[in-house]
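Participant: Shown below is the structure under consideration.
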Amino acid sequence: MARPEQSFRSLSGMHDLFEPETTRRRALVRVFAERAERAGYGEVRPPVLEELGVFLRMGEATDVVSKEMYEFEDKDGRRVALRPELTAGVVRAFVQHHPPTPWKVWYAGTSFRRERPAAGRYRAFDQIGAEVLGVDDPDLDVEVISLAWSTIAALGLSDVRLIINSLGDQVDRQRYSESVAAYLADHRDELSEAARATAERNPLRVLDTKRPEDRAVVASAPSIAEFRSEASAAHFERVLAGLSSLGIPFGVEERLVRGLDYYRRTTFEIVADSLDAAQNAVGGGGRYDGLAEDLGGPPTDGIGFALGIDRLLLACDAEAVFPAPPTSVDVYVVDTTDGAAARNLVHQLREAGLAADRRYGGGSLKSQMKSADRSGARWAVLIGSDELSAGEVTLRNLRADGEQLRVASSDVRAALLERLHTDREDTTA
RNA sequence: GUGGCCGUAGCUCAGCUAGGUGAGAGCGCCAGGUUGUGGCCCUGGAGGUCGGGGGUUCAAAUCCCCUCGGUCACCCCA
């Protein structure tokens with residue numbers, strides 16, 4: 001054991017978040033929420049815990065389902081699992097409540113996957129995303145991709161690429177998969193051992209391998225383009241044309257498969273080249289036209305995407321964009337008397353809408369001034385025995401070069417409101 | 001899950017290669033210099049199970065094993 005008894009640490013791959021990271025994440029979600037709602041999406045919050053079966057449709061052969069889920073039997077004897085992503089839960093909610101279509105929703109939340117942690121890949125990770133159920137129009141694919149892309153752009157990221165592919169409909173995908181499986185079988189002895197194992201479980205997954213020795217084999221594998229039905233191909237062309245017309249740059253990548261079995265037709269991924277780690281996909285998504293039916297609902301077209309907040313922020317760090325918004329109070333109250341004046345004034349200022357803080361436990365004027373400085377407050381209100389007996393306070397400007405004045409206690413609030421107001425006008429001018 | 005690297009003060013790290021000189025630096029924190037004034041500077045101080053456990057040894061932060069955590073590659077994916 002790495003710790004003495006009675007001492008605990010957070011689980012591997014799960015981290016505590018603090019200021020300023022927490023505010024930064026809140027700001028990121030706000031950027032996304034505003035864009036999504038401007039496009040007619042409403043927020044949805046499915047539960048973190050679902051019946052295991054909900055997630056099994058991601059594909060029994062996928063790693064996510066076969067070995068990465070936190071699943072267990074609850075006290076009612078039900079097999080349940082912590083969600084490894086949100087799409088399945090959202091679609092389950094759609095099937096359960098049958099809202100009118102098109103159903104356009106966005107979400108922000110935490111999912112869980114028991115993988116080996118690495119930078120940008122944690123066991124508890126946050127995503128933002130959107131899903132639309134009930135629309136087959138390729139222009140919707142364009143809208144959804146555009147929402148993902150523009151959110152990333154809004155953060156200030158520029159070293160990112162959109163890659164896109166179409167796996168064809170269910171029939172196309174099946175035929176293609178069989179063809180790839182046959183091809184891989186023919187070249188079995190040229191593949192790495194790991195790739196051979198993957199080929200038997202899930203042939204398509206071999207296509208986007210990163211192992212150089214396998215890439216050579218994969219390079220001349222059959223192309224999905226030859227397997228797309230006329231309708232699928234037409235849909236894909238419409239999507240690409242739509243993206244072009246919106247000025248969204250993309251690269252068609254036929255090897256883009258993505259891990260979840262429910263994807264049909266359009267699939268896409270956004271990668272951040274500023275992230276040199278292997279975890280450089282900041283987001284991904286696609287169509288899952290059969291999923292609602294698989295979960296017991298009516299045949300319903302669906303499409304969505306998720307962006308990983310952790311990776312998005314890592315990419316922001318790499319590009320030095322989207323810093324945490326500064327958080328600081330407006331006013332810091334310094335009281336060298338018994339503290340009663342600070343207690344009352346801070347309360348009064350907060351009720352008036354100002355952000356005000358103080359120090360508890362007293363301390364010298366000097367040390368309280370240091371706290372005031374560190375708080376980032378623009379103004380310090382000083383209350384000493386002089387002020388107290390005169391019924392006044394001293395206002396000191398902490399930002400400029402120490403402008404200082406005394407005002408009557410009854411005028412503090414108004415004096416501060418006025419000065420903070422002009423400060424703000426100065427900074428926005 | 002497989003393999004590599006790392007783990008010393010709140011933070012970033014030196015010391016480990018050839019075991020033994022009182023366990024260090026910078027930043028941060030606290031106090032004083034300035035008995036009513038922050039930011040700069042100076043001085044002092046607090047703070048460490050050297051990730052944890054076991055082993056080798058007269059002696060281990062330094063060597064060996066195990067373990068926990070982080071990280072990189074594979075895998076997978078957000």
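All residue names refer to the structure tokens as shown: chains lettered A, B, ... in order, residues numbered from 1 in each chain, ligands numbered from 1 in order.
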With DSSP run on the backbone, what are the alpha helix (DSSP H) residues within region 140-297 of chain A? I'd like them as a ChimeraX atom specification.
Facilitator: /A:140-154,170-186,193-201,212-219,230-245,291-294
Participant: Please tabulate, as a Markdown table, the residues of chain B that come within 9 Å of chain A, each with its closest pair of atoms and the distance in Å to one decimal, counting only C-alpha atoms (C1' of nucleotides) and ordering rows by chain, then residue number upward.
Facilitator:
```
| residue | atom | partner | partner_atom | distance |
| --- | --- | --- | --- | --- |
| B:G1 | C1' | A:Arg116 | CA | 8.3 |
| B:G36 | C1' | A:Leu365 | CA | 6.9 |
| B:U37 | C1' | A:Lys366 | CA | 6.2 |
| B:G38 | C1' | A:Met369 | CA | 4.7 |
| B:G39 | C1' | A:Asp373 | CA | 7.2 |
| B:G51 | C1' | A:Ala2 | CA | 6.8 |
| B:G52 | C1' | A:Ala2 | CA | 4.0 |
| B:G53 | C1' | A:Met1 | CA | 7.3 |
| B:U67 | C1' | A:Met1 | CA | 6.4 |
| B:C68 | C1' | A:Ala2 | CA | 4.7 |
| B:G69 | C1' | A:Ser12 | CA | 7.2 |
| B:G70 | C1' | A:Ala118 | CA | 8.4 |
| B:U71 | C1' | A:Ala118 | CA | 6.7 |
| B:C72 | C1' | A:Ala277 | CA | 8.3 |
| B:A73 | C1' | A:Ala278 | CA | 8.5 |
| B:C74 | C1' | A:Arg211 | CA | 7.9 |
| B:C75 | C1' | A:Ala194 | CA | 8.7 |
| B:C76 | C1' | A:Asp63 | CA | 6.7 |
| B:C77 | C1' | A:Gly259 | CA | 7.4 |
| B:A78 | C1' | A:Gly308 | CA | 4.0 |
```
Participant: Name the closest residue to G15 (chain B) among the candidates B:C66, B:C29, B:C42, B:C50; distances are taken between atoms, counting only C-alpha atoms (C1' of nucleotides).
Facilitator: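 Counting only C-alpha atoms (C1' of nucleotides), the residue closest to G15 (chain B) is B:C50.
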Participant: Using DSSP on the backbone coordinates, identify the residues of region 157-341 of chain A assigned to strand (DSSP E); present them as an MDAnalysis selection string.
Facilitator: chainID A and resid 160:166 251:252 264:272 281:287 302:308 331:335
Participant: Looking at A:Ile152, A:Ala356, A:Leu349, A:Val393, which one is nearest to Arg413 (chain A), with distances taken over only C-alpha atoms?
Facilitator: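 Among A:Ile152, A:Ala356, A:Leu349, A:Val393, it is A:Leu349 that comes nearest to Arg413 (chain A).
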Participant: As an exercise, work out the distance from CA of Gln170 (chain A) to CA of Thr266 (chain A) in Å and give it to one decimal place.
Facilitator: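 For CA of Gln170 (chain A) relative to CA of Thr266 (chain A), the distance reads 11.8 Å.
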Participant: Could you check how far CA of Leu420 (chain A) sits from CA of Thr22 (chain A), in Å to one decimal?
Facilitator: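 For CA of Leu420 (chain A) relative to CA of Thr22 (chain A), the distance reads 26.1 Å.
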Participant: CA of Asn202 (chain A) to CA of Glu254 (chain A): how many Å, to one decimal?
Facilitator: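 Rounded to one decimal, the two atoms are 16.6 Å apart.
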Participant: Which residues are close to Ala185 (chain A), i.e. within 12 Å by only C-alpha atoms (C1' of nucleotides), leaving aside same-chain residues fewer than 2 positions away? Reply as a VMD selection string.
Facilitator: chain A and resid 178 to 183 187 to 191 195 to 200 203 206 217 to 218 221
Participant: Do a neighbour search on C11 (chain B) at 12 Å with only C-alpha atoms (C1' of nucleotides), toss out local chain neighbours closer than 3 positions, and write the hits as a ChimeraX atom specification.
Facilitator: /B:26-29
Participant: Residues near region 72-76 of chain A, anyone? I mean within 10 Å using only C-alpha atoms (C1' of nucleotides), not counting same-chain ones fewer than 6 positions away, as a PDB file with C-alpha atoms, in the first residue's frame.
Facilitator:
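Listed below is the output, out-v1.pdb:
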```
ATOM      1  CA  GLU A  51     -28.341  -0.532 -17.279  1.00  0.00           C
ATOM      2  CA  LEU A  52     -25.397  -2.288 -18.846  1.00  0.00           C
ATOM      3  CA  LEU A  82     -20.998   3.957 -15.346  1.00  0.00           C
TER       4      LEU A  82
END
```
Participant: If we count only C-alpha atoms (C1' of nucleotides) and set the cut-off at 8 Å, which residues sit around Pro323 (chain A), ignoring sequence neighbours fewer than 4 positions away in its own chain? Please answer as a list in words.
Facilitator: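 Skipping anything fewer than 4 positions along the chain leaves Arg24, Cys316 and Asp317 of chain A.
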Participant: Using only C-alpha atoms (C1' of nucleotides), which residues sit within 12 Å of U8 (chain B) once same-chain residues fewer than 2 positions away are excluded, as a list in words?
Facilitator: C13, A14, G15, C16, A23, G24, G48, U49, C50, G51, A61 and U62 of chain B
